[in-house]
Every structure is written in structure tokens, then in C-alpha cells.
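Have a look at target_39.txt; it's compact mmCIF, C-alpha atoms:
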```
# COMPACT_ATOMS: atom_id res chain seq x y z
CA MET A 278 -17.54 6.96 -24.91
CA ALA A 279 -14.47 8.63 -26.41
CA LYS A 280 -13.58 9.90 -22.92
CA GLY A 281 -13.84 6.33 -21.57
CA ILE A 282 -11.54 5.00 -24.29
CA ALA A 283 -9.01 7.78 -23.61
CA TRP A 284 -8.92 6.83 -19.93
CA LYS A 285 -8.60 3.16 -20.71
CA GLU A 286 -5.59 4.02 -22.85
CA GLN A 287 -4.08 6.23 -20.16
CA ILE A 288 -4.39 3.51 -17.52
CA GLU A 289 -2.98 0.91 -19.90
CA SER A 290 -0.07 3.23 -20.65
CA SER A 291 0.54 3.69 -16.91
CA LEU A 292 0.48 -0.09 -16.37
CA LYS A 293 3.04 -0.50 -19.14
CA GLU A 294 5.24 2.21 -17.61
CA ALA A 295 4.99 0.50 -14.21
CA LYS A 296 6.08 -2.78 -15.72
CA THR A 297 9.17 -1.35 -17.42
CA SER A 298 10.17 0.86 -14.47
CA LYS A 299 9.41 -1.82 -11.82
CA LYS A 300 7.09 0.62 -10.05
CA ARG A 301 3.48 0.22 -8.96
CA VAL A 302 0.49 2.12 -10.28
CA LEU A 303 -1.23 4.37 -7.76
CA LEU A 304 -4.83 5.12 -8.73
CA ASP A 305 -5.90 8.18 -6.76
CA PHE A 306 -9.66 8.70 -6.85
CA SER A 307 -10.93 12.09 -5.72
CA HIS A 308 -13.77 14.47 -6.36
CA ALA A 309 -13.10 17.11 -8.98
CA PRO A 310 -12.09 20.43 -7.42
CA GLN A 311 -15.06 22.77 -6.96
CA MET B 88 -5.03 15.54 -0.08
CA ASP B 89 -4.20 18.31 -2.57
CA ALA B 90 -4.16 20.92 0.20
CA VAL B 91 -2.01 19.18 2.82
CA THR B 92 -0.50 15.82 1.87
CA TYR B 93 0.56 16.06 -1.77
CA PRO B 94 2.35 19.45 -1.52
CA GLN B 95 4.83 17.93 1.00
CA GLU B 96 8.15 17.35 -0.72
CA LYS B 97 8.75 14.01 1.02
CA VAL B 98 5.40 12.75 -0.27
CA ALA B 99 6.09 13.90 -3.83
CA LEU B 100 9.54 12.27 -3.78
CA PHE B 101 8.14 9.02 -2.39
CA ILE B 102 5.43 8.83 -5.04
CA ASN B 103 7.95 9.61 -7.78
CA ASP B 104 10.36 6.91 -6.53
CA HIS B 105 7.82 4.11 -6.20
CA PHE B 106 4.69 4.78 -8.24
CA VAL B 107 3.25 5.74 -11.57
CA PRO B 108 0.44 7.97 -10.27
CA VAL B 109 -2.91 8.33 -12.02
CA LYS B 110 -5.28 10.95 -10.65
CA ILE B 111 -8.95 10.29 -11.39
CA HIS B 112 -11.69 12.82 -10.72
CA THR B 113 -14.77 10.70 -10.07
CA ASP B 114 -17.25 13.38 -11.17
CA ASP B 115 -15.66 13.35 -14.60
CA HIS B 116 -15.23 9.56 -14.84
CA PRO B 117 -18.03 7.74 -13.02
CA GLU B 118 -17.42 4.68 -15.22
CA LEU B 119 -14.03 4.18 -13.55
CA THR B 120 -15.60 4.17 -10.07
CA GLU B 121 -17.64 1.18 -11.23
CA THR B 122 -14.74 -0.57 -12.93
CA TYR B 123 -12.58 -0.25 -9.80
CA ARG B 124 -15.44 -0.50 -7.24
CA VAL B 125 -14.84 2.87 -5.59
CA PRO B 126 -18.03 4.28 -4.02
CA TRP B 127 -16.27 6.85 -1.83
CA THR B 128 -13.29 9.19 -2.10
CA PRO B 129 -10.50 9.82 -1.55
CA ALA B 130 -9.52 6.27 -2.42
CA PHE B 131 -6.08 4.88 -3.20
CA LEU B 132 -5.59 1.67 -5.16
CA VAL B 133 -2.17 0.12 -5.74
CA LEU B 134 -1.79 -2.12 -8.79
CA ASP B 135 1.11 -3.96 -10.35
CA GLY B 136 2.02 -3.65 -14.02
CA ASP B 137 -0.44 -6.41 -14.91
CA GLY B 138 -3.30 -4.45 -13.37
CA THR B 139 -3.65 -6.74 -10.35
CA GLU B 140 -4.77 -4.83 -7.26
CA HIS B 141 -2.62 -5.40 -4.16
CA TYR B 142 -3.88 -2.74 -1.76
CA ARG B 143 -6.57 -0.14 -1.26
CA GLU B 144 -7.25 2.50 1.34
CA ILE B 145 -10.22 4.83 1.59
CA GLY B 146 -10.32 8.20 3.33
CA TYR B 147 -8.07 11.21 3.82
CA LEU B 148 -4.51 10.49 4.99
CA PRO B 149 -2.16 13.10 6.51
CA PRO B 150 1.39 13.03 5.07
CA ASN B 151 3.04 10.51 7.44
CA ASP B 152 0.00 8.22 7.43
CA PHE B 153 -0.08 8.34 3.65
CA LEU B 154 3.62 7.37 3.52
CA ALA B 155 3.08 4.54 6.02
CA HIS B 156 0.05 3.17 4.15
CA MET B 157 1.78 3.35 0.78
CA THR B 158 4.89 1.63 2.20
CA LEU B 159 2.55 -1.05 3.52
CA ALA B 160 1.06 -1.29 0.02
CA LEU B 161 4.52 -1.86 -1.46
CA GLY B 162 5.19 -4.52 1.17
CA ARG B 163 1.88 -6.28 0.57
CA ALA B 164 2.47 -6.28 -3.19
CA ALA B 165 5.96 -7.80 -2.79
CA PHE B 166 4.57 -10.28 -0.25
CA GLU B 167 1.82 -11.43 -2.62
CA GLU B 168 4.45 -11.87 -5.32
CA ARG B 169 6.35 -14.04 -2.81
CA ASP B 170 9.35 -11.70 -2.78
CA PHE B 171 9.63 -12.06 1.00
CA ALA B 172 13.01 -10.34 1.36
CA ALA B 173 11.80 -7.20 -0.44
CA ALA B 174 8.52 -7.26 1.48
CA ALA B 175 10.39 -7.56 4.80
CA GLY B 176 12.37 -4.46 3.87
CA TYR B 177 9.19 -2.42 3.40
CA PHE B 178 7.61 -3.71 6.62
CA GLN B 179 10.80 -2.99 8.57
CA THR B 180 10.85 0.54 7.13
CA ILE B 181 7.36 1.16 8.50
CA VAL B 182 8.41 -0.04 11.96
CA ASP B 183 11.59 2.07 11.91
CA ARG B 184 10.25 5.24 10.30
CA TYR B 185 6.55 5.58 11.19
CA SER B 186 6.52 4.46 14.81
CA THR B 187 3.21 6.18 15.63
CA SER B 188 1.34 4.85 12.58
CA GLU B 189 -1.82 2.80 12.92
CA VAL B 190 -0.39 0.28 10.45
CA ILE B 191 2.50 -0.79 12.74
CA PRO B 192 0.69 -3.93 14.05
CA GLU B 193 -0.05 -5.10 10.50
CA ALA B 194 3.54 -4.35 9.44
CA LEU B 195 4.89 -6.37 12.40
CA TYR B 196 2.58 -9.28 11.61
CA PHE B 197 3.75 -9.51 8.01
CA LEU B 198 7.37 -8.81 8.96
CA GLY B 199 7.16 -11.90 11.14
CA VAL B 200 5.71 -13.97 8.30
CA CYS B 201 8.42 -12.77 5.91
CA ARG B 202 11.17 -13.59 8.42
CA ASN B 203 9.77 -17.13 8.40
CA ARG B 204 9.24 -17.47 4.65
CA MET B 205 12.34 -15.72 3.29
CA SER B 206 15.45 -17.71 2.37
CA GLY B 207 17.11 -18.92 5.57
CA GLY B 208 14.14 -17.84 7.67
CA THR B 209 12.77 -19.81 10.60
CA ALA B 210 9.62 -20.08 12.69
CA ASP B 211 11.65 -18.82 15.65
CA GLN B 212 12.40 -15.60 13.77
CA ARG B 213 8.68 -15.18 13.06
CA ARG B 214 7.79 -15.81 16.70
CA ALA B 215 10.38 -13.22 17.86
CA VAL B 216 8.71 -10.50 15.78
CA TRP B 217 5.23 -11.64 16.78
CA LYS B 218 6.26 -11.57 20.46
CA ARG B 219 7.09 -7.91 20.02
CA LEU B 220 3.75 -7.37 18.24
CA MET B 221 1.85 -8.95 21.14
CA GLU B 222 3.81 -7.04 23.77
CA GLU B 223 3.59 -3.61 22.11
CA HIS B 224 0.12 -3.85 20.51
CA PRO B 225 -1.73 -6.45 22.62
CA LYS B 226 -5.22 -5.19 21.73
CA SER B 227 -4.73 -5.14 17.98
CA ASP B 228 -6.43 -7.63 15.70
CA TRP B 229 -2.99 -8.53 14.36
CA ALA B 230 -1.81 -9.58 17.84
CA LYS B 231 -4.84 -11.87 18.05
CA LYS B 232 -3.90 -13.43 14.71
CA ALA B 233 -0.34 -14.00 15.98
CA SER B 234 -1.41 -15.41 19.36
CA PHE B 235 -1.97 -18.96 18.04
CA ALA B 236 1.79 -19.32 17.71
CA PHE B 237 2.13 -19.14 21.50
CA GLU B 238 -0.67 -21.49 22.57
```
Can you dump the structure from the file as C-alpha cells?
Amino acid sequence: MAKGIAWKEQIESSLKEAKTSKKRVLLDFSHAPQ
Amino acid sequence: MDAVTYPQEKVALFINDHFVPVKIHTDDHPELTETYRVPWTPAFLVLDGDGTEHYREIGYLPPNDFLAHMTLALGRAAFEERDFAAAAGYFQTIVDRYSTSEVIPEALYFLGVCRNRMSGGTADQRRAVWKRLMEEHPKSDWAKKASFAFE
């Protein structure tokens, strides 16, 4: 749960940064390295 | 992506110039694959600062294809925000810079639309771009979408 909240905060922080910098957010989903 | 595409300097510079990147390992965060509806990787989602999704692509992309797809994403985002001049700039960049890319027909289609919808634009300007689309990529789905303008 705590991990989920941390990620929610990170994505929200990235959205905020995108807004102020006029950039887009790139979510890059991949498998964890083996 | 980590082995071939991301280590390329031009890719790193492009991402840095245009995006706030967030790397998500799905094994560690399965809840995010549900939130963002991502059943397969690699997957790339482009959002604006409000969290609205404007583009997604699934599957490995070599460096130039990645750059073409992400430029298309920037164009689609600007287009959906009705900033047709900015969107036209991105679509034109794809046509000029990534001439062998699979996204060229889509870029030409939307470039035509933007030339029509942007300030001072006309239907004739749209048809001129779509004529090129139909001549150079006659079998593409995007040429079929444009064909109504010539019936």
C-alpha cells in the first residue's frame, strides 16, 4: 500500500513538473531487469 | 529499449527536451498496469500535465522509430488541444526527418487537417497534403481516410 502511495505521489509530481515546464509526461512501462 | 534505444544520445536529448519521463517496472507495480490499462510491455503512454492520455504505443521501438512515434505523440497532443500550428510543426518534422518511418501516412493525414484548421488555413491546403499522402502511400489506411476529399 505504501509503495502504491509513493508511486501515486511520484506520478503526481511528474504531472506537476510537466505542467510548469510545458512538457509531456512519458510513462514507460517495462519488465524489471532480470 | 535499455540496451539499444535509450543509450542513443539523440534519444536521451529528445526525451529531455520534450518529456518528464517516468519509468515503471511492471513486476514491481502491477497496480499501475491496471490503472493505466497496460497488459503488455514495453508500453509508452504520453500524458499532459492534467494526466490526460494523448498517445500510446506498445512494443519495442528502435531509436528512429521511437523518435518518430514520440514526435507523433507530441503532434497528436497539440492537435487534441487544438493548437493546430504547433501540431503541424511536429507532423512536418516527422515527414522531413523520419522519411522511412511507418508513421509517415498518419503524420501526412494530420498535417493536412492542421493546414486546414490552423489560422489562415484552407481546404485546398489540406487537399494538397492529402494528395501527396494518396500518391506516396496509396495502400495505407490513412490514404483511404483521405480519399473522400477527392470523390
Task: Counting all atoms listed in the file, chain A residues within 8 Å of chain B, as number ranges by chain - done: A: 281, 288, 291-296, 299-309
Task: Distance in Å - CA of Arg124 in chain B versus CA of Trp284 in chain A - done: 16.0 Å
Open item on the list: Between CA of Lys226 in chain B and CA of Ala194 in chain B, what is the distance in Å, rounded to a tenth?
Closed with: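 These two atoms are separated by 15.1 Å.
The residue that comes closest to Arg214 in chain B, out of B:Ala233, B:Phe178, B:Phe197, B:Asp228 and on the basis of only C-alpha atoms, is B:Ala233.
CA of Leu159 in chain B is positioned 9.2 Å from CA of Thr180 in chain B.
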